[in-house]
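Source file: final.cif; contents: mmCIF, C-alpha atoms.
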data_model
loop_
_atom_site.label_atom_id
_atom_site.label_comp_id
_atom_site.auth_asym_id
_atom_site.auth_seq_id
_atom_site.Cartn_x
_atom_site.Cartn_y
_atom_site.Cartn_z
CA MET A 1 -31.66 -15.51 70.10
CA GLU A 2 -28.23 -16.84 69.15
CA ALA A 3 -28.76 -15.79 65.52
CA ALA A 4 -29.77 -12.27 66.61
CA LYS A 5 -26.64 -12.00 68.78
CA ASN A 6 -24.41 -13.14 65.93
CA HIS A 7 -26.12 -10.68 63.59
CA PHE A 8 -25.52 -7.86 66.11
CA PHE A 9 -21.78 -8.60 66.39
CA THR A 10 -21.50 -8.94 62.61
CA ASP A 11 -23.08 -5.51 62.20
CA ILE A 12 -20.68 -4.01 64.74
CA SER A 13 -17.66 -5.54 62.97
CA VAL A 14 -18.83 -4.04 59.67
CA MET A 15 -19.27 -0.60 61.26
CA LEU A 16 -15.86 -0.91 62.95
CA GLY A 17 -14.27 -1.74 59.61
CA ARG A 18 -15.98 1.27 58.03
CA SER A 19 -14.68 3.69 60.68
CA MET A 20 -11.18 2.21 60.70
CA ARG A 21 -10.92 2.58 56.92
CA HIS A 22 -11.65 6.28 57.33
CA ILE A 23 -8.82 6.57 59.86
CA PHE A 24 -6.28 4.62 57.80
CA ARG A 25 -7.12 6.71 54.74
CA SER A 26 -6.35 9.82 56.80
CA MET A 27 -3.51 8.91 59.12
CA ASP A 28 -3.06 12.59 60.01
CA THR A 29 -5.70 12.00 62.71
CA ILE A 30 -3.46 9.62 64.67
CA ILE A 31 -0.34 11.63 63.81
CA THR A 32 -1.94 14.84 65.10
CA VAL A 33 -3.06 13.15 68.31
CA CYS A 34 0.48 11.81 68.88
CA ILE A 35 2.43 14.97 68.09
CA THR A 36 1.20 17.19 70.92
CA PRO A 37 1.72 14.65 73.77
CA ILE A 38 5.16 13.73 72.45
CA ALA A 39 6.06 17.43 72.15
CA MET A 40 4.86 17.95 75.73
CA MET A 41 6.97 15.02 76.86
CA LEU A 42 10.04 16.45 75.11
CA LEU A 43 9.41 19.87 76.65
CA PHE A 44 8.98 18.63 80.20
CA VAL A 45 11.80 16.09 80.13
CA TYR A 46 14.50 18.12 78.36
CA VAL A 47 13.55 21.71 79.24
CA LEU A 48 11.64 21.72 82.52
CA GLY A 49 12.51 18.32 83.98
CA GLY A 50 15.70 19.48 85.69
CA ALA A 51 13.78 22.09 87.69
CA ILE A 52 10.98 19.78 88.81
CA GLN A 53 11.47 17.80 92.00
CA THR A 54 9.62 14.48 91.88
CA GLY A 55 11.87 12.29 94.01
CA THR A 56 12.79 10.14 90.98
CA ASP A 57 15.96 10.03 88.92
CA ASN A 58 14.14 9.35 85.64
CA TYR A 59 11.54 12.06 85.04
CA VAL A 60 10.17 10.44 81.86
CA ASN A 61 9.10 7.46 84.00
CA TYR A 62 7.21 9.84 86.27
CA LEU A 63 5.72 11.81 83.37
CA LEU A 64 4.57 9.06 80.98
CA PRO A 65 1.25 8.05 82.65
CA GLY A 66 -0.07 11.62 82.52
CA ILE A 67 1.04 12.03 78.90
CA LEU A 68 -0.87 8.88 77.95
CA LEU A 69 -4.05 10.21 79.55
CA MET A 70 -3.63 13.53 77.74
CA ALA A 71 -3.26 11.71 74.43
CA ILE A 72 -6.43 9.70 75.02
CA ALA A 73 -8.38 12.82 76.01
CA SER A 74 -7.20 14.46 72.79
CA GLY A 75 -8.01 11.41 70.68
CA ILE A 76 -11.61 11.06 71.78
CA ALA A 77 -12.35 14.54 70.36
CA TYR A 78 -12.14 12.91 66.93
CA THR A 79 -14.76 10.38 68.00
CA ALA A 80 -17.15 13.23 68.78
CA TYR A 81 -16.27 14.84 65.46
CA ARG A 82 -16.90 11.66 63.44
CA LEU A 83 -20.22 11.06 65.21
CA PHE A 84 -21.30 14.65 64.56
CA MET A 85 -20.42 14.37 60.86
CA ASP A 86 -22.35 11.11 60.50
CA LYS A 87 -25.34 12.75 62.15
CA GLN A 88 -25.11 15.86 59.95
CA ARG A 89 -24.79 13.85 56.74
CA GLY A 90 -27.76 11.66 57.57
CA ILE A 91 -25.65 8.51 57.80
CA PHE A 92 -27.59 7.28 60.84
CA GLU A 93 -30.91 7.50 59.00
CA ARG A 94 -29.45 5.85 55.92
CA PHE A 95 -28.14 2.86 57.87
CA HIS A 96 -31.36 2.57 59.85
CA THR A 97 -33.24 1.90 56.60
CA MET A 98 -31.07 -1.21 56.21
CA PRO A 99 -31.48 -4.51 58.08
CA ILE A 100 -28.79 -3.78 60.69
CA SER A 101 -28.88 -3.26 64.44
CA ARG A 102 -29.76 0.33 65.35
CA SER A 103 -26.90 0.66 67.82
CA ALA A 104 -24.25 -0.99 65.60
CA LEU A 105 -23.12 2.30 64.06
CA LEU A 106 -22.63 3.89 67.49
CA TRP A 107 -20.73 0.88 68.78
CA GLY A 108 -18.57 0.95 65.66
CA HIS A 109 -17.44 4.46 66.57
CA VAL A 110 -16.79 3.43 70.18
CA LEU A 111 -14.62 0.47 69.19
CA THR A 112 -12.80 2.59 66.62
CA SER A 113 -11.91 4.97 69.44
CA LEU A 114 -10.48 2.06 71.43
CA VAL A 115 -8.35 0.83 68.51
CA SER A 116 -7.11 4.24 67.36
CA ASN A 117 -6.22 5.33 70.90
CA ALA A 118 -4.42 2.04 71.49
CA ILE A 119 -2.27 2.79 68.44
CA THR A 120 -1.57 6.27 69.80
CA VAL A 121 -0.59 4.88 73.21
CA ILE A 122 1.84 2.41 71.61
CA VAL A 123 3.47 5.17 69.54
CA ILE A 124 3.92 7.38 72.62
CA ILE A 125 5.38 4.53 74.68
CA LEU A 126 7.88 3.83 71.88
CA ALA A 127 8.84 7.52 71.88
CA ALA A 128 9.23 7.39 75.68
CA LEU A 129 11.51 4.35 75.37
CA ILE A 130 13.76 6.32 73.01
CA MET A 131 13.81 9.14 75.58
CA GLY A 132 14.92 6.76 78.35
CA PHE A 133 11.71 5.33 79.78
CA ARG A 134 12.33 2.03 81.53
CA SER A 135 9.97 -0.25 83.43
CA SER A 136 10.61 -3.15 85.77
CA ALA A 137 6.99 -4.31 85.50
CA GLY A 138 6.14 -7.85 84.47
CA ILE A 139 3.41 -9.04 82.14
CA LEU A 140 0.58 -8.84 84.69
CA PRO A 141 1.24 -5.20 85.70
CA TRP A 142 1.44 -4.25 82.01
CA LEU A 143 -1.88 -6.00 81.38
CA ALA A 144 -3.34 -4.10 84.34
CA VAL A 145 -2.08 -0.82 82.84
CA ALA A 146 -3.61 -1.76 79.48
CA GLY A 147 -6.91 -2.52 81.21
CA ILE A 148 -6.98 0.80 83.06
CA LEU A 149 -6.18 2.73 79.87
CA ALA A 150 -8.87 0.82 77.96
CA LEU A 151 -11.45 1.60 80.67
CA PHE A 152 -10.40 5.25 80.69
CA THR A 153 -10.70 5.38 76.89
CA LEU A 154 -14.14 3.76 76.97
CA ALA A 155 -15.35 6.15 79.66
CA LEU A 156 -14.22 9.25 77.76
CA THR A 157 -15.49 7.83 74.46
CA TRP A 158 -19.03 7.63 75.82
CA VAL A 159 -18.64 11.21 77.05
CA ALA A 160 -17.55 12.08 73.49
CA ALA A 161 -20.63 10.32 72.14
CA ILE A 162 -22.85 12.63 74.18
CA ALA A 163 -21.03 15.66 72.77
CA GLY A 164 -21.02 14.39 69.20
CA LEU A 165 -24.72 13.56 69.19
CA SER A 166 -25.83 16.70 71.05
CA ALA A 167 -23.67 19.39 69.43
CA LYS A 168 -25.12 21.92 67.01
CA THR A 169 -21.78 22.76 65.36
CA VAL A 170 -18.61 20.84 64.56
CA GLU A 171 -16.67 23.12 66.92
CA GLY A 172 -19.02 22.26 69.75
CA ALA A 173 -18.60 18.56 69.05
CA SER A 174 -14.84 18.59 69.55
CA SER A 175 -14.17 21.50 71.93
CA PHE A 176 -15.62 19.63 74.94
CA SER A 177 -12.35 17.71 75.17
CA TYR A 178 -10.24 20.79 76.00
CA PRO A 179 -10.92 20.70 79.77
CA LEU A 180 -10.18 16.95 79.75
CA ILE A 181 -6.85 17.51 78.01
CA PHE A 182 -5.76 20.09 80.61
CA LEU A 183 -7.07 18.18 83.65
CA PRO A 184 -3.74 16.30 84.05
CA PHE A 185 -2.02 19.64 84.71
CA ILE A 186 -3.97 19.92 87.97
CA SER A 187 -3.05 16.45 89.16
CA SER A 188 0.00 14.39 90.08
CA ALA A 189 0.80 13.86 86.38
CA PHE A 190 3.62 16.41 86.20
CA VAL A 191 4.53 17.24 89.79
CA PRO A 192 3.71 15.73 93.20
CA THR A 193 0.53 17.19 94.67
CA GLU A 194 2.43 17.97 97.91
CA SER A 195 4.04 20.94 96.16
CA MET A 196 0.68 22.59 95.36
CA PRO A 197 -1.21 25.23 97.39
CA SER A 198 -3.78 23.73 99.73
CA VAL A 199 -6.89 24.49 97.67
CA VAL A 200 -5.33 23.29 94.42
CA ARG A 201 -3.92 20.24 96.18
CA ALA A 202 -7.35 19.32 97.55
CA PHE A 203 -8.80 19.40 94.04
CA ALA A 204 -5.83 17.56 92.51
CA GLU A 205 -5.96 14.73 95.02
CA ASN A 206 -9.70 14.19 94.60
CA GLN A 207 -10.09 14.17 90.85
CA PRO A 208 -9.90 11.01 88.69
CA VAL A 209 -6.66 11.75 86.82
CA THR A 210 -4.50 11.67 89.96
CA SER A 211 -5.64 8.23 91.10
CA ILE A 212 -5.36 6.81 87.57
CA VAL A 213 -1.89 8.31 87.07
CA ASN A 214 -0.69 7.09 90.48
CA ALA A 215 -1.98 3.57 89.83
CA ILE A 216 -0.33 3.35 86.40
CA ARG A 217 2.92 4.85 87.70
CA ALA A 218 3.09 2.33 90.56
CA LEU A 219 2.34 -0.59 88.25
CA LEU A 220 5.01 0.41 85.73
CA SER A 221 7.64 0.97 88.42
CA GLY A 222 6.92 -2.31 90.18
CA GLN A 223 5.84 -0.52 93.37
CA PRO A 224 2.89 -1.47 95.62
CA VAL A 225 -0.29 0.02 94.16
CA GLY A 226 -2.35 0.05 97.37
CA ASN A 227 -5.85 1.48 97.14
CA GLU A 228 -5.03 3.73 94.20
CA ILE A 229 -5.95 1.08 91.64
CA TRP A 230 -9.38 0.56 93.20
CA VAL A 231 -10.03 4.29 93.31
CA ALA A 232 -8.94 4.54 89.67
CA LEU A 233 -11.24 1.68 88.65
CA VAL A 234 -14.19 3.19 90.53
CA TRP A 235 -13.66 6.50 88.73
CA CYS A 236 -13.36 4.84 85.30
CA VAL A 237 -16.32 2.50 85.74
CA GLY A 238 -18.46 5.23 87.33
CA ILE A 239 -17.83 7.70 84.49
CA LEU A 240 -18.34 4.92 81.95
CA LEU A 241 -21.73 3.86 83.30
CA VAL A 242 -23.08 7.40 83.69
CA ALA A 243 -21.81 8.50 80.26
CA TYR A 244 -23.15 5.34 78.60
CA PHE A 245 -26.60 5.91 80.11
CA PHE A 246 -26.85 9.50 78.89
CA ALA A 247 -25.22 8.75 75.52
CA MET A 248 -27.80 6.05 74.78
CA ARG A 249 -30.62 8.39 75.81
CA VAL A 250 -29.35 11.10 73.46
CA TYR A 251 -28.78 8.56 70.69
CA LYS A 252 -32.37 7.24 70.89
CA LYS A 253 -33.74 10.79 70.81
CA ARG A 254 -31.55 11.96 67.94
CA VAL A 255 -31.96 8.92 65.73
#

So that I can check it, write out the structure of this file as structure tokens.
Amino acid sequence: MEAAKNHFFTDISVMLGRSMRHIFRSMDTIITVCITPIAMMLLFVYVLGGAIQTGTDNYVNYLLPGILLMAIASGIAYTAYRLFMDKQRGIFERFHTMPISRSALLWGHVLTSLVSNAITVIVIILAALIMGFRSSAGILPWLAVAGILALFTLALTWVAAIAGLSAKTVEGASSFSYPLIFLPFISSAFVPTESMPSVVRAFAENQPVTSIVNAIRALLSGQPVGNEIWVALVWCVGILLVAYFFAMRVYKKRV
């Protein structure tokens, strides 16, 4: 049993290394994922920020959590794309003829998504620091933020796996992420929900992005988080479990 477990993790590490080499050979993937969120941050802070009332003196502090979620939602589209291409090229079948775990290739893509999105998040936070972002949070709140972002990335990555394995075309594999990218616009990511019309506000306050953004914003500003963090975790874990279940079902059928 122990030998089988070690073999499984060895297979995953090999598949992770394979996927990461593809990314590092084509850094335009990470660069592309970073450019749009950073451009959005520049636009909102320096062009629209003065007209938006958030009750804070530093708008980039208010804006950053939503920008990070947008970047992750954009990044996981590449996970769906890479999975689709592996499926189209018969890579799954080729690896399955070898003495490796059947799920190792899929897990390699999932972990690659975690690593590549972590790099993207770090780049965006560095850009925010240059733009004036400041945080009074200690080590534990920052670790909590990292944990929430990792859970959010994992949840969306398994959603991407469903799309990548089910899609008939490369466009279909990646276009599913568009609604996820724009979901922060109908949340508390850019403006307080109190300023929205009643119907829009009801949706904004009861969708996952708002609770996740509010929890991250409170943690980074050193404010009491309250129940927001638990609501955010329930959303992330719930989406993760449901997406994982359906992704594995599709994976077993397709391969």

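With distances restricted to all atoms listed in the file, A:Val145 is the closest residue to Leu220 of chain A from A:Ile125, A:Val145, A:Val250, A:Val200.
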
Contacts of segment 136-158 of chain A with segment 163-185 of chain A up to 10 Å, shortest pair per row, all atoms listed in the file, as CSV:
residue,atom,partner,partner_atom,distance
A:Leu156,CA,A:Leu180,CA,8.9
A:Thr157,CA,A:Ala163,CA,9.7
A:Trp158,CA,A:Ala163,CA,8.8

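Remark: for Ser195 of chain A, the closest of the candidate residues A:Val47, A:Ile52, A:Leu68, A:Ala155 is A:Ile52 (distances computed over all atoms listed in the file).
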
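Of the listed residues A:His109, A:His22, A:Lys253, A:Arg217, the one whose atoms come nearest to Ser136 of chain A is A:Arg217, with distances taken using all atoms listed in the file.
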
**OP:** Give me the result of the PyMOL selection byres ((chain A and resi 60) around 8) on this file, residue by residue, as an NGL selection string.
**Re:** :A and (41 or 45 or 58-59 or 61-64 or 128 or 131-133)

*Decode the PyMOL selection byres ((chain A and resi 233-238) around 8) for the given file into explicit residues and return them as JSON, numbers by chain.*
{"A": [148, 151, 152, 155, 208, 212, 229, 230, 231, 232, 239, 240, 241, 242]}

note - atom CA of Gly222 of chain A and atom CA of Ile35 of chain A are separated by 28.4 Å

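Reported to one decimal place, the separation of atom CA of Asp86 of chain A from atom CA of Phe245 of chain A is 20.7 Å.
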
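Coordinates place atom CA of Phe190 of chain A at a distance of 18.6 Å from atom CA of Val225 of chain A.
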
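Omitting Trp107 of chain A and its sequence neighbours fewer than 4 positions away, and counting all atoms listed in the file, the residues within 7 Å are Ile12, Ser103 and Leu111 of chain A.
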
Closest of A:Ser135, A:Asn227, A:Ser187, A:Asn117 to Glu205 of chain A, counting all atoms listed in the file, is A:Ser187

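The smallest atom-to-atom distance between Thr10 of chain A and any of A:Ile76, A:Gly90, A:Leu105, A:Asp57, using all atoms listed in the file, is found for A:Leu105.
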
Which residues, named as in the file, does the PyMOL selection byres ((chain A and resi 80) around 6) pick out? Answer as a PyMOL selection string. chain A and resi 77-79+81-83+160-161+164+173-174

Pull C-alpha atoms from the residues just selected and write them as a tab-separated table (two decimals), in the coordinates of the input.
chain	number	residue	atom	x	y	z
A	77	ALA	CA	-12.35	14.54	70.36
A	78	TYR	CA	-12.14	12.91	66.93
A	79	THR	CA	-14.76	10.38	68.00
A	81	TYR	CA	-16.27	14.84	65.46
A	82	ARG	CA	-16.90	11.66	63.44
A	83	LEU	CA	-20.22	11.06	65.21
A	160	ALA	CA	-17.55	12.08	73.49
A	161	ALA	CA	-20.63	10.32	72.14
A	164	GLY	CA	-21.02	14.39	69.20
A	173	ALA	CA	-18.60	18.56	69.05
A	174	SER	CA	-14.84	18.59	69.55

Can we get segment 53-67 of chain A of that structure written down with all heavy atoms, as a JSON list (two decimals), in the first residue's frame?
[["chain", "number", "residue", "atom", "x", "y", "z"],
["A", 53, "GLN", "N", -17.14, 55.86, -4.83],
["A", 53, "GLN", "CA", -17.19, 56.06, -3.39],
["A", 53, "GLN", "C", -17.19, 54.70, -2.69],
["A", 53, "GLN", "O", -18.14, 53.94, -2.80],
["A", 53, "GLN", "CB", -18.44, 56.85, -3.00],
["A", 53, "GLN", "CG", -18.55, 58.22, -3.66],
["A", 53, "GLN", "CD", -17.40, 59.13, -3.26],
["A", 53, "GLN", "OE1", -16.96, 59.15, -2.11],
["A", 53, "GLN", "NE2", -16.90, 59.89, -4.22],
["A", 54, "THR", "N", -16.11, 54.40, -2.00],
["A", 54, "THR", "CA", -16.01, 53.11, -1.30],
["A", 54, "THR", "C", -15.84, 53.27, 0.20],
["A", 54, "THR", "O", -15.83, 52.29, 0.94],
["A", 54, "THR", "CB", -14.82, 52.30, -1.84],
["A", 54, "THR", "OG1", -13.60, 53.03, -1.58],
["A", 54, "THR", "CG2", -14.96, 52.03, -3.32],
["A", 55, "GLY", "N", -15.69, 54.52, 0.65],
["A", 55, "GLY", "CA", -15.47, 54.74, 2.07],
["A", 55, "GLY", "C", -14.04, 54.50, 2.51],
["A", 55, "GLY", "O", -13.75, 54.48, 3.70],
["A", 56, "THR", "N", -13.12, 54.33, 1.56],
["A", 56, "THR", "CA", -11.71, 54.13, 1.87],
["A", 56, "THR", "C", -10.88, 55.19, 1.16],
["A", 56, "THR", "O", -11.24, 55.66, 0.08],
["A", 56, "THR", "CB", -11.22, 52.73, 1.44],
["A", 56, "THR", "OG1", -11.40, 52.60, 0.02],
["A", 56, "THR", "CG2", -12.01, 51.65, 2.15],
["A", 57, "ASP", "N", -9.75, 55.52, 1.75],
["A", 57, "ASP", "CA", -8.86, 56.52, 1.15],
["A", 57, "ASP", "C", -7.98, 55.91, 0.07],
["A", 57, "ASP", "O", -7.53, 56.61, -0.83],
["A", 57, "ASP", "CB", -7.97, 57.16, 2.23],
["A", 57, "ASP", "CG", -8.78, 57.95, 3.25],
["A", 57, "ASP", "OD1", -9.83, 58.49, 2.85],
["A", 57, "ASP", "OD2", -8.37, 58.00, 4.42],
["A", 58, "ASN", "N", -7.70, 54.61, 0.17],
["A", 58, "ASN", "CA", -6.81, 53.95, -0.77],
["A", 58, "ASN", "C", -7.62, 52.95, -1.60],
["A", 58, "ASN", "O", -7.87, 51.82, -1.17],
["A", 58, "ASN", "CB", -5.68, 53.24, 0.00],
["A", 58, "ASN", "CG", -4.57, 52.77, -0.93],
["A", 58, "ASN", "OD1", -4.74, 52.71, -2.14],
["A", 58, "ASN", "ND2", -3.43, 52.46, -0.35],
["A", 59, "TYR", "N", -8.00, 53.35, -2.80],
["A", 59, "TYR", "CA", -8.89, 52.51, -3.61],
["A", 59, "TYR", "C", -8.22, 51.22, -4.05],
["A", 59, "TYR", "O", -8.89, 50.20, -4.23],
["A", 59, "TYR", "CB", -9.39, 53.29, -4.82],
["A", 59, "TYR", "CG", -10.39, 52.53, -5.66],
["A", 59, "TYR", "CD1", -11.55, 52.00, -5.08],
["A", 59, "TYR", "CD2", -10.19, 52.31, -7.01],
["A", 59, "TYR", "CE1", -12.48, 51.30, -5.83],
["A", 59, "TYR", "CE2", -11.11, 51.61, -7.78],
["A", 59, "TYR", "CZ", -12.25, 51.11, -7.18],
["A", 59, "TYR", "OH", -13.16, 50.39, -7.92],
["A", 60, "VAL", "N", -6.90, 51.23, -4.26],
["A", 60, "VAL", "CA", -6.22, 50.02, -4.69],
["A", 60, "VAL", "C", -6.33, 48.92, -3.62],
["A", 60, "VAL", "O", -6.41, 47.74, -3.93],
["A", 60, "VAL", "CB", -4.74, 50.30, -5.06],
["A", 60, "VAL", "CG1", -3.91, 50.65, -3.84],
["A", 60, "VAL", "CG2", -4.13, 49.10, -5.79],
["A", 61, "ASN", "N", -6.37, 49.33, -2.34],
["A", 61, "ASN", "CA", -6.58, 48.35, -1.27],
["A", 61, "ASN", "C", -7.96, 47.70, -1.38],
["A", 61, "ASN", "O", -8.12, 46.51, -1.13],
["A", 61, "ASN", "CB", -6.46, 49.03, 0.10],
["A", 61, "ASN", "CG", -5.01, 49.26, 0.50],
["A", 61, "ASN", "OD1", -4.11, 49.19, -0.33],
["A", 61, "ASN", "ND2", -4.78, 49.56, 1.76],
["A", 62, "TYR", "N", -8.94, 48.52, -1.74],
["A", 62, "TYR", "CA", -10.30, 48.01, -1.89],
["A", 62, "TYR", "C", -10.41, 47.10, -3.12],
["A", 62, "TYR", "O", -11.09, 46.08, -3.11],
["A", 62, "TYR", "CB", -11.27, 49.19, -2.03],
["A", 62, "TYR", "CG", -12.73, 48.80, -2.07],
["A", 62, "TYR", "CD1", -13.50, 48.75, -0.91],
["A", 62, "TYR", "CD2", -13.35, 48.47, -3.28],
["A", 62, "TYR", "CE1", -14.83, 48.39, -0.94],
["A", 62, "TYR", "CE2", -14.68, 48.11, -3.33],
["A", 62, "TYR", "CZ", -15.42, 48.07, -2.16],
["A", 62, "TYR", "OH", -16.74, 47.70, -2.20],
["A", 63, "LEU", "N", -9.70, 47.47, -4.18],
["A", 63, "LEU", "CA", -9.85, 46.82, -5.48],
["A", 63, "LEU", "C", -9.10, 45.50, -5.59],
["A", 63, "LEU", "O", -9.56, 44.58, -6.29],
["A", 63, "LEU", "CB", -9.34, 47.80, -6.55],
["A", 63, "LEU", "CG", -9.48, 47.42, -8.02],
["A", 63, "LEU", "CD1", -10.95, 47.38, -8.41],
["A", 63, "LEU", "CD2", -8.73, 48.43, -8.89],
["A", 64, "LEU", "N", -7.95, 45.38, -4.93],
["A", 64, "LEU", "CA", -7.04, 44.26, -5.17],
["A", 64, "LEU", "C", -7.68, 42.87, -5.04],
["A", 64, "LEU", "O", -7.43, 42.01, -5.90],
["A", 64, "LEU", "CB", -5.83, 44.37, -4.24],
["A", 64, "LEU", "CG", -4.78, 43.25, -4.39],
["A", 64, "LEU", "CD1", -4.21, 43.23, -5.81],
["A", 64, "LEU", "CD2", -3.67, 43.41, -3.37],
["A", 65, "PRO", "N", -8.48, 42.58, -4.00],
["A", 65, "PRO", "CA", -9.04, 41.22, -3.90],
["A", 65, "PRO", "C", -9.83, 40.80, -5.13],
["A", 65, "PRO", "O", -9.70, 39.66, -5.61],
["A", 65, "PRO", "CB", -9.94, 41.30, -2.66],
["A", 65, "PRO", "CG", -9.33, 42.38, -1.83],
["A", 65, "PRO", "CD", -8.84, 43.39, -2.82],
["A", 66, "GLY", "N", -10.65, 41.69, -5.67],
["A", 66, "GLY", "CA", -11.43, 41.36, -6.85],
["A", 66, "GLY", "C", -10.55, 41.15, -8.07],
["A", 66, "GLY", "O", -10.82, 40.27, -8.90],
["A", 67, "ILE", "N", -9.49, 41.93, -8.20],
["A", 67, "ILE", "CA", -8.56, 41.78, -9.32],
["A", 67, "ILE", "C", -7.87, 40.42, -9.26],
["A", 67, "ILE", "O", -7.68, 39.75, -10.29],
["A", 67, "ILE", "CB", -7.50, 42.90, -9.29],
["A", 67, "ILE", "CG1", -8.17, 44.26, -9.57],
["A", 67, "ILE", "CG2", -6.39, 42.63, -10.30],
["A", 67, "ILE", "CD1", -8.74, 44.41, -10.97]]
